[in-house]
Structures are given as C-alpha cells and as structure tokens.
Amino acid sequence: MFRKILIANRGEVALRIIRACKELGIRTVAIYSEADARSLYVKKADESYLIPGDPVWAYLDYVRIVDLAKSVGADAVHPGYGFLAENAEFARFCQKRGITFIGPKPEHIEMFGDKVKAKKMMKKLGIPTVPGVEEPLKDPTDALHYAKEIGFPIILKSAYGGGGRGMRVVKSEKELPQLFESGYREAETFFGKGDLFIEKYLENPKHIEVQILGDKYGNVVHLGERDCSIQRKHQKVLEVTPCPVLPKEMRNKMLGLSVRAMMQVGYESAGTLEFLVDIKKGEFYFIEMNTRLQVEHTITEMVSGVDIVEQMIRVAAGEALPFTQSDITFRGYAIEFRINAEDPKRNFAPAPGKITAYYSPGGPGVRMDAGVYKDFVIPPYYDSMIAKLSVWALTWDRVIARAKRAIDEFIIRGVPTNIPLHREIVRDEDFISGHFGIRFLEEKLPTYD
Ligand code: ADP
C-alpha cells in the first residue's frame with residue numbers, strides 16, 4: 001500500500017480523498033493556490049504546499065505537481081475530478097517519473113476522452129449509441145448536409161469537450177450556421193480543438209449512468225446506476241440512485257452490457273458510462289464515458305456500502321477488488337444535492353464571496369461533503385459548487401421526506417445559493433413521481449419563480 005498520496009485538486013473532493021487516506025493510514029499531501037490558503041482541505045492534510053502564481057494553473061501545472069510529489073516522497077497522486085483528472089499526458093508523466101497515477105490507464109483516458117472514438121468503440125462492443133455522425137466536423141456546410149440526413153432537431157457537441165461546452169441544440173436548418181460557428185468557437189477556446197459532431201437531439205430522455213470499478217486482474221463490477229436527469233444547461237444539479245422508475249429488465253441490460261464492455265477493454269479503476277434513456281420505448285443510448293471519480297459518487301457509496309475512493313486507491317496499489325458482483329448488495333435510495341454559490345436572480349451566475357453564516361444539516365441518513373465554513377471567502381476562480389448534501393433512506397418515500405427535512409435545515413448566508421431551488425425540486429410532484437427527464441428544470445424553472 002502507498003505511504004503518502006499527493007492530492008492534485010482542491011475543495012470538497014480534496015477533502016473527500018484525504019478522508020479515505022486517513023482511514024487507510026496513508027499520509028496526505030495537499031497543494032493549494034494563494035486563493036485557497038484558508039480552505040478546509042489545506043488544514044486537514046498532513047502536509048500542505050502553496051503553489052504560487054495563477055490560481056487555476058496551480059492545479060494544472062503537472063510538471064511542478066509531480067516534482068513536488070517526488071520531493072516530498074509521495075508514491076501516488078489522486079487527481080479527483082476536473083483539472084488533471086482526465087489528462088492522459090499527466091497520467092503518463094506520473095508513470096514516467098515513478099509516481100502512481102490513481103485512475104484508469106492513460107490509453108483509456110485518451111480513448112474515452114475522444115467522444116467520437118468512444119462512441120464507435122462502444123458500438124463495436126454491442127452498446128447502442130445515439131444516432132448521429134461519427135466524424136468530427138470543422139465545416140458548417142458539412143454539418144448541414146449531415147444534419148438534414150439525420151433530421152432536425154439535432155445537437156452539436158464538442159468532440160473533445162465536457163461540461164456542456166460547445167454544445168448547441170439546433171431546431172432548424174436556418175439556425176445551424178450560426179450555432180455551429182458559436183459552438184465551434186467555444187469548443188476551441190476551452191479544449192484547443194473546435195471540432196463538433198452531430199447527434200439526433202432526443203426530446204426529453206433521462207440521463208442514467210452506470211458506476212464501474214475494475215482492477216488490474218480483469219475483474220469488473222458495477223455499483224448500480226444513478227439518475228442524473230435534473231440538470232440546468234446540460235449540467236447536473238441533483239442526482240438520485242437507484243432510478244426510481246427504471247424497469248428491472250432495462251436496468252439489468254444496461255448494467256450487464258456496461259460490465260461486459262469494460263471487461264473487454266480491461267478497464268481499471270472507477271469509471272462511469274453515461275446513457276440517455278427513453279423508458280417508454282425501452283431504449284437506451286450510450287453518450288460518453290467518464291474516466292474518473294464523479295461528483296455524485298457519494299450516493300452510490302450510500303446505497304452500496306462501497307468506498308469508491310478507497311477502492312481506487314487499493315486497485316492502483318495493485319490489490320484485487322475484494323468483492324465479486326454477487327457480494328455487492330444495494331440497500332435503499334439516496335439523493336445528492338449539489339450546493340452552488342450562484343445567484344438565481346442573475347440567471348444562476350456564480351456568486352463568490354464571504355459566507356457569514358453556515359449551518360449544515362445532520363441526523364440520520366445525512367452525509368455532508370463540503371469545503372467551506374463560516375467566514376470562508378469563496379474564491380472567484382473556480383467552479384461554483386461549494387458543498388454536496390447526500391441523504392439516504394430505505395424507501396423512495398422516505399428519502400424524499402428526509403431530503404426535504406435535510407435541505408430545509410441547510411443555512412448559508414452571505415452568498416446566494418441554489419438551496420431554495422433544491423427545496424422546490426424535492427417538493428415537485430413530477431420529481432416525486434420519478435418520471436422526470438433532462439428538460440425537467442428547463443420546463444419548471446419559470447414556474448418556481
Ligand atoms: P458533457 O460531457 O459536455 O457534459 P454529455 O455528452 O455528457 O456532455 O451530455 C451532457 C448532457 O447534455 C446530457 O446529460 C443531456 O442532458 C444533454 N445531451 C447530450 N446529448 C444529447 C442528445 N443527443 N439529445 C438530447 N440531449 C443530449
């Protein structure tokens with residue numbers, strides 16, 4: 001087992017990884033920018049090092065990060081999510097310098113990072129994908145040609161992207177040239193390459209994803225699915241596990257195909273296969289695979305009892321998974337709320353600033369993953385998510401009751417947050433029915449005001 005792990009991340013996820021390490025008796029090394037000097041994770045790590053200069057580059061400058069890992073005697077690096085988590089070059093660089101990268105093999109990060117290649121690969125492995133063009137496109141005229149073939153509405157997506165960037169829903173032919181240009185430009189700014197690909201736009205499917213864990217010996221298990229349909233601007237806001245309305249047969253098919261595909265590629269560490277699902281038609285389509293720990297892993301941990309971060313560490317250290325699929329049992333339901341410092345009155349724009357009051361929920365079935373506290377000043381440079389509230393209960397009815405109770409207990413003052421929005425969601429009849437799709441919030445937001 002590793003003696004010392006450097007955490008190449010910040011905020012709540014850095015703290016999450018520190019917690020797993022402490023329970024395993026592994027020393028932890030945190031890095032931080034000047035803007036994060038007062039963050040909780042910096043205080044909780046055994047050692048913390050300032051990376052001066054640009055506050056974002058601090059978490060991306062991997063040569064410097066690996067140099068630091070070497071100089072402090074760390075034997076492994078955990079990248080968390082975001083920043084370097086899906087950077088194959090970083091994973092390779094770690095290997096080259098004799099530091100273990102806690103995550104999948106670099107070639108898998110690379111392959112699944114290219115969404116077009118990933119779809120082709122999955123199709124070959126027998127997994128249905130969304131109908132579309134399996135080529136990255138640079139030219140709006142080509143795009144128009146293919147879009148007509150597929151039929152509007154279509155969605156343009158960045159071939160190398162994430163976070164909804166470069167994504168554009170195109171309803172008609174005449175909208176296409178302008179939306180292609182703006183999507184291309186956005187993708188180019190964020191990912192260096194503007195290439196877009198086209199998919200049929202599915203009207204209101206569910207977003208359901210499968211959590212996978214694999215080891216170096218070809219063992220792969222699933223930890224069930226999560227329903228991540230509650231989204232704003234293609235970004236997840238609240239997640240649920242298991243999906244309360246997914247028919248058993250469909251679930252088994254999705255989980256089974258996912259595990260089989262990951263066994264075939266020899267996938268290692270934690271990963272997530274994302275699908276769009278039409279429950280009425282009984283159809284599901286793969287959209288992408290994330291080769292990292294996900295924000296919403298907490299709810300899977302609550303229903304499966306598996307510590308996903310611990311297993312990532314163990315597998316990276318060369319241990320075999322300690323369970324087979326039949327050893328894993330799922331119990332109850334869990335919901336995660338992403339608490340963002342953002343202003344609902346300003347179209348949910350990020351709202352950094354000082355937290356003047358902070359009372360987090362507690363009691364039975366409540367889990368908090370937060371990086372903030374009273375008097376903490378949220379820096380303006382990073383993602384607006386400041387905390388995650390996850391709740392568990394034995395039944396769907398009870399988890400709704402508990403979710404209401406817990407989100408009502410949450411008090412954050414000084415900065416606006418999306419807590420009021422969450423309170424509305426868990427009281428919404430359509431949400432409670434379980435029959436909600438990815439456009440749920442888009443349709444509901446005006447009625448919540
Ligand atoms: P990103 O990696 O940028 O987050 P994804 O491919 O994971 O992009 O898609 C994010 C979200 O965008 C999905 O959860 C869904 O809401 C929406 N989306 C993606 N593809 C489609 C599609 N073909 N039809 C309808 N919505 C889609």
# chains A, B, ... in the order shown; residues from 1 in each chain; ligands from 1

call {"tool": "residues_around", "arguments": {"residues": "Phe180 (chain A)", "least_positions_apart": "4", "cutoff": "10 Å", "atoms": "only C-alpha atoms", "output": "PyMOL selection string"}}
result
chain A and resi 137-141+143-144+155-157+166-170+175-176+184-186+194-197

call {"tool": "residues_near_ligand", "arguments": {"ligand": "ligand 1", "cutoff": "10 Å", "atoms": "only C-alpha atoms and all ligand atoms", "output": "PyMOL selection string"}}
result
chain A and resi 113+115+129-132+153-169+198-209+227-236+273-277+285-290+437-439

call {"tool": "select_by_dssp", "arguments": {"residues": "region 117-332 of chain A", "states": "helix (DSSP H, G or I)", "output": "number ranges by chain"}}
result
A: 117-124, 140-150, 173-191, 248-265, 297-304, 308-316, 325-327

call {"tool": "residues_around", "arguments": {"residues": "Leu50 (chain A)", "least_positions_apart": "6", "cutoff": "12 Å", "atoms": "only C-alpha atoms", "output": "number ranges by chain"}}
result
A: 10, 29-39, 42, 58-59, 64-65, 68

call {"tool": "residues_around", "arguments": {"residues": "Pro106 (chain A)", "least_positions_apart": "6", "cutoff": "9 Å", "atoms": "only C-alpha atoms", "output": "ChimeraX atom specification"}}
result
/A:86-92

call {"tool": "write_last_selection", "arguments": {"atoms": "C-alpha atoms", "output": "JSON list (two decimals), in the first residue's frame"}}
result
[["chain", "number", "residue", "atom", "x", "y", "z"],
["A", 86, "GLU", "CA", -8.82, 13.17, -17.46],
["A", 87, "ASN", "CA", -5.46, 14.25, -18.79],
["A", 88, "ALA", "CA", -3.72, 11.19, -20.27],
["A", 89, "GLU", "CA", -0.43, 13.09, -20.64],
["A", 90, "PHE", "CA", -0.42, 13.75, -16.91],
["A", 91, "ALA", "CA", -1.11, 10.10, -16.14],
["A", 92, "ARG", "CA", 1.79, 9.10, -18.42]]

call {"tool": "closest_residue", "arguments": {"among": "A:Ala76, A:Leu394, A:Ala187, A:Leu24", "to": "Met302 (chain A)", "atoms": "only C-alpha atoms"}}
result
A:Leu394

call {"tool": "residues_around", "arguments": {"residues": "Asp75 (chain A)", "least_positions_apart": "5", "cutoff": "7 Å", "atoms": "only C-alpha atoms", "output": "list in words"}}
result
Phe2, Arg3, Lys4, Ile5, Ile99 and Thr100 of chain A

call {"tool": "select_by_dssp", "arguments": {"residues": "region 291-407 of chain A", "states": "strand (DSSP E or B)", "output": "ChimeraX atom specification"}}
result
/A:333-340,342-343,349-350,353-354,357-359,366-370,377-378,385-393

call {"tool": "write_last_selection", "arguments": {"atoms": "C-alpha atoms", "output": "PDB file, in the first residue's frame"}}
result
ATOM      1  CA  TYR A 333     -32.345   5.142  -2.063  1.00  0.00           C
ATOM      2  CA  ALA A 334     -30.054   8.160  -1.981  1.00  0.00           C
ATOM      3  CA  ILE A 335     -30.233  11.711  -3.334  1.00  0.00           C
ATOM      4  CA  GLU A 336     -27.405  14.203  -3.772  1.00  0.00           C
ATOM      5  CA  PHE A 337     -27.884  17.965  -3.831  1.00  0.00           C
ATOM      6  CA  ARG A 338     -25.112  19.997  -5.432  1.00  0.00           C
ATOM      7  CA  ILE A 339     -24.952  23.218  -3.427  1.00  0.00           C
ATOM      8  CA  ASN A 340     -23.691  26.007  -5.647  1.00  0.00           C
ATOM      9  CA  GLU A 342     -24.860  31.168  -7.503  1.00  0.00           C
ATOM     10  CA  ASP A 343     -27.495  33.806  -7.848  1.00  0.00           C
ATOM     11  CA  ALA A 349     -24.395  33.314 -12.284  1.00  0.00           C
ATOM     12  CA  PRO A 350     -21.583  32.217  -9.926  1.00  0.00           C
ATOM     13  CA  GLY A 353     -17.905  35.981  -1.612  1.00  0.00           C
ATOM     14  CA  LYS A 354     -17.813  35.584   2.149  1.00  0.00           C
ATOM     15  CA  ALA A 357     -23.458  32.042   8.475  1.00  0.00           C
ATOM     16  CA  TYR A 358     -23.199  28.299   7.888  1.00  0.00           C
ATOM     17  CA  TYR A 359     -25.288  25.558   9.469  1.00  0.00           C
ATOM     18  CA  VAL A 366     -27.285  12.543   6.097  1.00  0.00           C
ATOM     19  CA  ARG A 367     -23.827  12.878   4.574  1.00  0.00           C
ATOM     20  CA  MET A 368     -22.041  16.187   4.060  1.00  0.00           C
ATOM     21  CA  ASP A 369     -19.117  16.745   1.705  1.00  0.00           C
ATOM     22  CA  ALA A 370     -18.182  20.403   1.956  1.00  0.00           C
ATOM     23  CA  VAL A 377     -14.342  33.508   1.402  1.00  0.00           C
ATOM     24  CA  ILE A 378     -15.315  31.608  -1.759  1.00  0.00           C
ATOM     25  CA  MET A 385     -20.104  24.106  -6.260  1.00  0.00           C
ATOM     26  CA  ILE A 386     -19.184  24.549  -2.574  1.00  0.00           C
ATOM     27  CA  ALA A 387     -20.852  21.570  -0.907  1.00  0.00           C
ATOM     28  CA  LYS A 388     -22.723  18.343  -1.508  1.00  0.00           C
ATOM     29  CA  LEU A 389     -25.549  17.142   0.668  1.00  0.00           C
ATOM     30  CA  SER A 390     -26.369  13.452   0.250  1.00  0.00           C
ATOM     31  CA  VAL A 391     -29.254  11.730   2.012  1.00  0.00           C
ATOM     32  CA  TRP A 392     -30.158   8.066   2.314  1.00  0.00           C
ATOM     33  CA  ALA A 393     -33.312   6.196   3.359  1.00  0.00           C
TER      34      ALA A 393
END

call {"tool": "closest_residue", "arguments": {"among": "A:Cys21, A:Ala8, A:Arg427, A:Glu110", "to": "Ser48 (chain A)", "atoms": "only C-alpha atoms"}}
result
A:Ala8

call {"tool": "closest_residue", "arguments": {"among": "A:Pro416, A:Pro104, A:Gly11, A:Pro128", "to": "Lys216 (chain A)", "atoms": "only C-alpha atoms"}}
result
A:Pro104

call {"tool": "closest_residue", "arguments": {"among": "A:Asp408, A:Asp449, A:Asp397, A:Glu225", "to": "Val303 (chain A)", "atoms": "only C-alpha atoms"}}
result
A:Glu225

call {"tool": "atom_distance", "arguments": {"atom1": "CA of Ile279 (chain A)", "atom2": "CA of Leu246 (chain A)"}}
result
6.9 Å
